[in-house]
Each structure stands twice: as structure tokens, then as C-alpha cells.
Amino acid sequence: MVQQKNLIDEVSGWLSLYDDGSVDRTWTGPPEVKFLVEPLPPHEDFIDGVATRDVITAGNHRVRLYLPEKIPGDKEKLPILVQFHGGGFCISEADWFMYYQFYTRLARSARVIIVSPFLRHAPENRLPAAIDDGFSTLLWLQLIARGDAEEPWLQNHGEFNRVFLTGDSSGGNIVHEVAARAGKANLDPVQLAGGIPVHPGFVRSSRSKSELEKPESPFFTLDMLDKFLSLALPLGANKDHPITCPMGDGAPPLKGLKLPPYLLCVAEMDLVIDIQTEYYEAMKKANKDVELFVSKGMTHSFYLNKIAVDMDPNTGAETDALIAKVKEFIQQH
């Protein structure tokens with residue numbers, strides 16, 4: 001007899017949680033946007049100037065690589081950009097089309113090799129699992145740089161003393177956590193040259209003004225935010241946890257962290273912009289090297305929505321500006 005399982009919680013469109021502990025991540029939202037959340041197979045031939053491949057690391061993690069095709073003016077080696085996908089620590093994959101369409105553009109424009117690990121999901125793997133996966137990616141780069149592991153694209157084309165971290169939404173939280181861990185570790189010859197948190201999911205247990213006043217978008221609602229974090233944070237923790245509130249009283253003081261230069265990217269209409277701004281101010285107060293870039297009139301992770309990027313001139317222009325800013329930051333460091 002088949003055991004009946006009962007739905008105990010869901011995040012509309014994204015995730016259903018059952019009483020046997022199983023999780024169903026089948027997309028049940030509007031069918032016209034389903035292509036954004038579908039996996040795209042890798043292609044080792046260059047398409048629009050970028051090749052992609054999936055590899056398994058020494059730590060047995062799957063990672064997607066993006067390699068831009070060599071063009072006149074390229075240096076012998078290219079900076080390495082480690083990218084952490086978002087999804088509230090509960091959903092999304094490194095091979096989803098929404099990431100592919102943006103990060104192929106970024107690899108091509110900024111002339112970087114992108115390394116995007118597939119992060120473990122909560123609630124099956126609560127935090128700090130995704131942070132551990134992010135940091136293990138740096139340890140894998142170190143093995144390759146030392147000649148103790150092989151990955152031809154990185155060995156032949158990667159500049160291991162110019163490694164950058166970036167991440168969208170909850171991936172932005174991972175940027176901060178991994179950078180903080182890296183500051184306490186010996187990663188030689190790998191060197192962190194910069195961190196680029198993009199629309200990080202920084203929150204507090206009390207609602208901010210922007211959470212109460214900014215418009216919700218189909219891809220980011222307060223209900224999503226609350227439910228994902230309740231499933232992702234360690235049992236018994238609230239949003240004041242250091243991973244979600246790195247400048248809060250419960251987090252290690254920012255002043256004591258060894259961090260690389262940061263480019264913090266925020267969107268003017270993001271629900272959590274107030275807490276992101278608070279993080280920026282706290283970083284400045286702690287004398288950290290941090291630059292703020294604001295996308296005017298835009299909502300959370302707007303550049304991942306290919307429909308809006310293509311159809312709305314403002315979204316397209318702000319996406320271009322974001323890519324140009326990230327490229328400039330990488331070139332300066």
C-alpha cells in the first residue's frame with residue numbers, strides 16, 4: 001500500500017514540503033515564464049562567444065564553468081569569477097536559463113571565466129551547507145592552482161591570483177560568508193581580489209521600511225522571503241542570524257574581518273534595500289573598501305528576467321549598466 005503523504009507547507013509556484021520530509025520543486029507558477037527556471041545543458045563549443053561545461057570537483061560537487069572565446073586584446077590568463085546562485089537557499093540551480101542568459105553575457109563582456117557551483121538546498125540541507133559548498137569551491141581552485149587537481153579550462157586560462165566572488169540574492173549572503181572564511185584561511189596561491197554581492201538577502205527579524213513599502217514582484221514576495229528563510233536557517237534561529245544579518249549584534253564584528261574590496265549592487269525598488277544599505281553603512285564604518293552601485297527603478301534580481309530585459313527598455317539599459325559596472329570593478333582590481 002502506498003503511504004499517503006500530506007502537504008505541510010508551500011512557497012507559491014516554487015516549492016512544496018511534505019510530512020515525510022520530501023520536497024517537490026516542480027514549477028507551478030505562470031507557464032509563460034517556465035523557460036527561465038529550466039536547466040540548459042552545457043555546450044563545449046562556443047555559442048555567442050561563450051562555451052560552458054559541467055565538472056565534478058575534488059570535493060564531489062558539481063560546478064558549471066563559462067569560458068569566453070579568446071578575442072584580440074585578451075591577456076594570456078583571465079580573472080576567475082566564482083558565482084553563487086540565489087533562491088533563498090531553497091531553490092534554483094546553477095544551470096537554469098535565467099542564470100545562463102546573464103552570466104554568458106557577463107563572461108563575454110567582462111572577459112572572465114565563471115565558476116558556478118550547484119549549491120545544496122534547504123530544508124534538506126540547512127545553512128551553513130550552502131556556505132560550505134561555496135567555500136569548498138575556493139579550496140578546489142586552490143588544488144588546481146597547486147597542480148593537485150586538474151581542470152584544463154582553469155589551468156590553461158585562469159588567473160588564480162585574481163579570483164572574485166559574486167552572487168545574486170541569497171548568493172550575495174554567501175559572498176560575504178565565503179569571503180570572511182577566506183580571510184582566515186591560507187588559500188595560496190589563490191587570492192581573492194574582490195567580492196560583488198548583488199541584491200543580497202540581508203534582513204532583520206523586524207520588518208524594514210522598504211519591506212513594508214516597496215512593491216512585491218512575482219519573483220520576490222515577503223511570503224517567499226519569510227518561508228525560504230524559515231526553511232533555510234539553522235533550527236531555532238531567526239533572521240538576526242549572522243548569515244542573514246552580518247552587521248547585526250549576533251554576527252562577528254565587521255571590523256575584525258579580513259575582506260577584499262567590495263562592489264555592493266542594490267536595486268532602488270528592492271524589498272530589502274534598507275537592510276542592504278544598512279550593511280553598506282556598517283561596512284564603511286568598519287573602514288572596509290566598499291563601493292555602492294544602485295540600479296534605478298529596478299526590483300530584486302531584475303536582470304535575471306530575460307523577458308523584461310528584452311521587452312522593457314529601462315530594464316535592458318539597467319542590465320547593461322550593471323554589467324558595465326561589474327566589468328569596471330574587475331578591471332580595477
# chains A, B, ... in the order shown; residues from 1 in each chain; ligands from 1
>>> residues_around(residues="Leu7 in chain A", least_positions_apart="2", cutoff="7 Å", atoms="only C-alpha atoms", output="JSON, numbers by chain")
{"A": [5, 9, 16, 17, 18, 19]}
>>> residues_around(residues="Gln191 in chain A", least_positions_apart="6", cutoff="10 Å", atoms="only C-alpha atoms", output="list in words")
Leu138, Gln142, Glu159, Phe160, Asn161, Arg162, Val163, Phe164, Ala182, Gly183 and Pro260 of chain A
>>> write_last_selection(atoms="N, CA, C and O atoms", output="CSV table (one decimal), in the first residue's frame")
chain,number,residue,atom,x,y,z
A,138,LEU,N,36.4,27.3,-3.5
A,138,LEU,CA,37.7,28.0,-3.4
A,138,LEU,C,38.8,27.0,-3.1
A,138,LEU,O,39.9,27.1,-3.7
A,142,GLN,N,42.1,26.1,-5.3
A,142,GLN,CA,43.5,26.1,-4.7
A,142,GLN,C,44.2,24.8,-5.2
A,142,GLN,O,45.4,24.8,-5.5
A,159,GLU,N,43.4,33.0,-14.0
A,159,GLU,CA,44.3,33.8,-13.3
A,159,GLU,C,44.0,33.6,-11.8
A,159,GLU,O,43.1,34.3,-11.3
A,160,PHE,N,44.7,32.7,-11.1
A,160,PHE,CA,44.3,32.3,-9.8
A,160,PHE,C,44.6,33.4,-8.7
A,160,PHE,O,44.1,33.3,-7.6
A,161,ASN,N,45.4,34.4,-9.1
A,161,ASN,CA,45.6,35.5,-8.1
A,161,ASN,C,44.7,36.6,-8.3
A,161,ASN,O,44.8,37.7,-7.7
A,162,ARG,N,43.7,36.4,-9.2
A,162,ARG,CA,42.6,37.4,-9.3
A,162,ARG,C,41.2,36.6,-9.4
A,162,ARG,O,40.6,36.5,-10.4
A,163,VAL,N,40.8,36.2,-8.2
A,163,VAL,CA,39.6,35.5,-8.0
A,163,VAL,C,38.6,36.4,-7.4
A,163,VAL,O,38.9,37.0,-6.4
A,164,PHE,N,37.4,36.5,-8.0
A,164,PHE,CA,36.3,37.4,-7.5
A,164,PHE,C,35.2,36.5,-7.1
A,164,PHE,O,34.9,35.4,-7.7
A,182,ALA,N,37.5,33.0,3.9
A,182,ALA,CA,38.7,33.0,3.1
A,182,ALA,C,39.8,33.9,3.8
A,182,ALA,O,41.0,33.6,3.7
A,183,GLY,N,39.3,35.0,4.5
A,183,GLY,CA,40.2,35.9,5.2
A,183,GLY,C,40.9,35.2,6.3
A,183,GLY,O,42.0,35.7,6.8
A,260,PRO,N,38.1,41.3,1.0
A,260,PRO,CA,38.6,42.0,-0.2
A,260,PRO,C,37.8,43.3,-0.5
A,260,PRO,O,36.7,43.5,0.2
>>> residues_around(residues="range 194-206 of chain A", least_positions_apart="5", cutoff="6 Å", atoms="only C-alpha atoms", output="list of chain:residue names")
A:Phe164, A:Leu165, A:Thr166, A:Gly167, A:Asp168, A:Ser169, A:Ser170, A:Gly172, A:Asn173, A:Lys239, A:Asp240, A:Thr244, A:Cys245, A:Pro260, A:Pro261, A:Tyr262, A:Leu263, A:Leu264, A:Cys265, A:Val266, A:Ile275, A:Gln276
>>> closest_residue(among="A:Glu213, A:Asp74, A:Asp310, A:Asp148", to="Asp270 in chain A", atoms="only C-alpha atoms")
A:Glu213
>>> closest_residue(among="A:Ile91, A:Val33, A:Val50, A:Leu127", to="Leu235 in chain A", atoms="only C-alpha atoms")
A:Leu127
>>> select_by_dssp(residues="range 84-308 of chain A", states="strand (DSSP E or B)", output="ChimeraX atom specification")
/A:84,96,113-117,158-168,192-198,217,220,262-267,290-295
>>> closest_residue(among="A:Ala251, A:Leu257, A:Met269, A:Ile243", to="Pro215 in chain A", atoms="only C-alpha atoms")
A:Met269
>>> closest_residue(among="A:Ser230, A:Thr277, A:Asn305, A:Thr57", to="Leu292 in chain A", atoms="only C-alpha atoms")
A:Thr277
>>> select_by_dssp(residues="range 26-212 of chain A", states="alpha helix (DSSP H)", output="PyMOL selection string")
chain A and resi 97-110+129-146+152-157+170-182+209-212
>>> closest_residue(among="A:Tyr66, A:Phe102, A:Phe329, A:Phe135", to="Leu154 in chain A", atoms="only C-alpha atoms")
A:Tyr66
>>> atom_distance(atom1="CA of Leu65 in chain A", atom2="CA of Met98 in chain A")
15.4 Å
>>> closest_residue(among="A:Phe89, A:Trp96, A:Phe118, A:Phe220", to="Thr299 in chain A", atoms="only C-alpha atoms")
A:Phe220
>>> residues_around(residues="Pro123 in chain A", least_positions_apart="4", cutoff="7 Å", atoms="only C-alpha atoms", output="number ranges by chain")
A: 90, 231-232
>>> residues_around(residues="Gly171 in chain A", least_positions_apart="4", cutoff="6 Å", atoms="only C-alpha atoms", output="JSON, numbers by chain")
{"A": [84, 85, 86, 167]}
>>> atom_distance(atom1="CA of Phe293 in chain A", atom2="CA of Ala267 in chain A")
8.4 Å
>>> atom_distance(atom1="CA of Val190 in chain A", atom2="CA of Gly134 in chain A")
14.7 Å
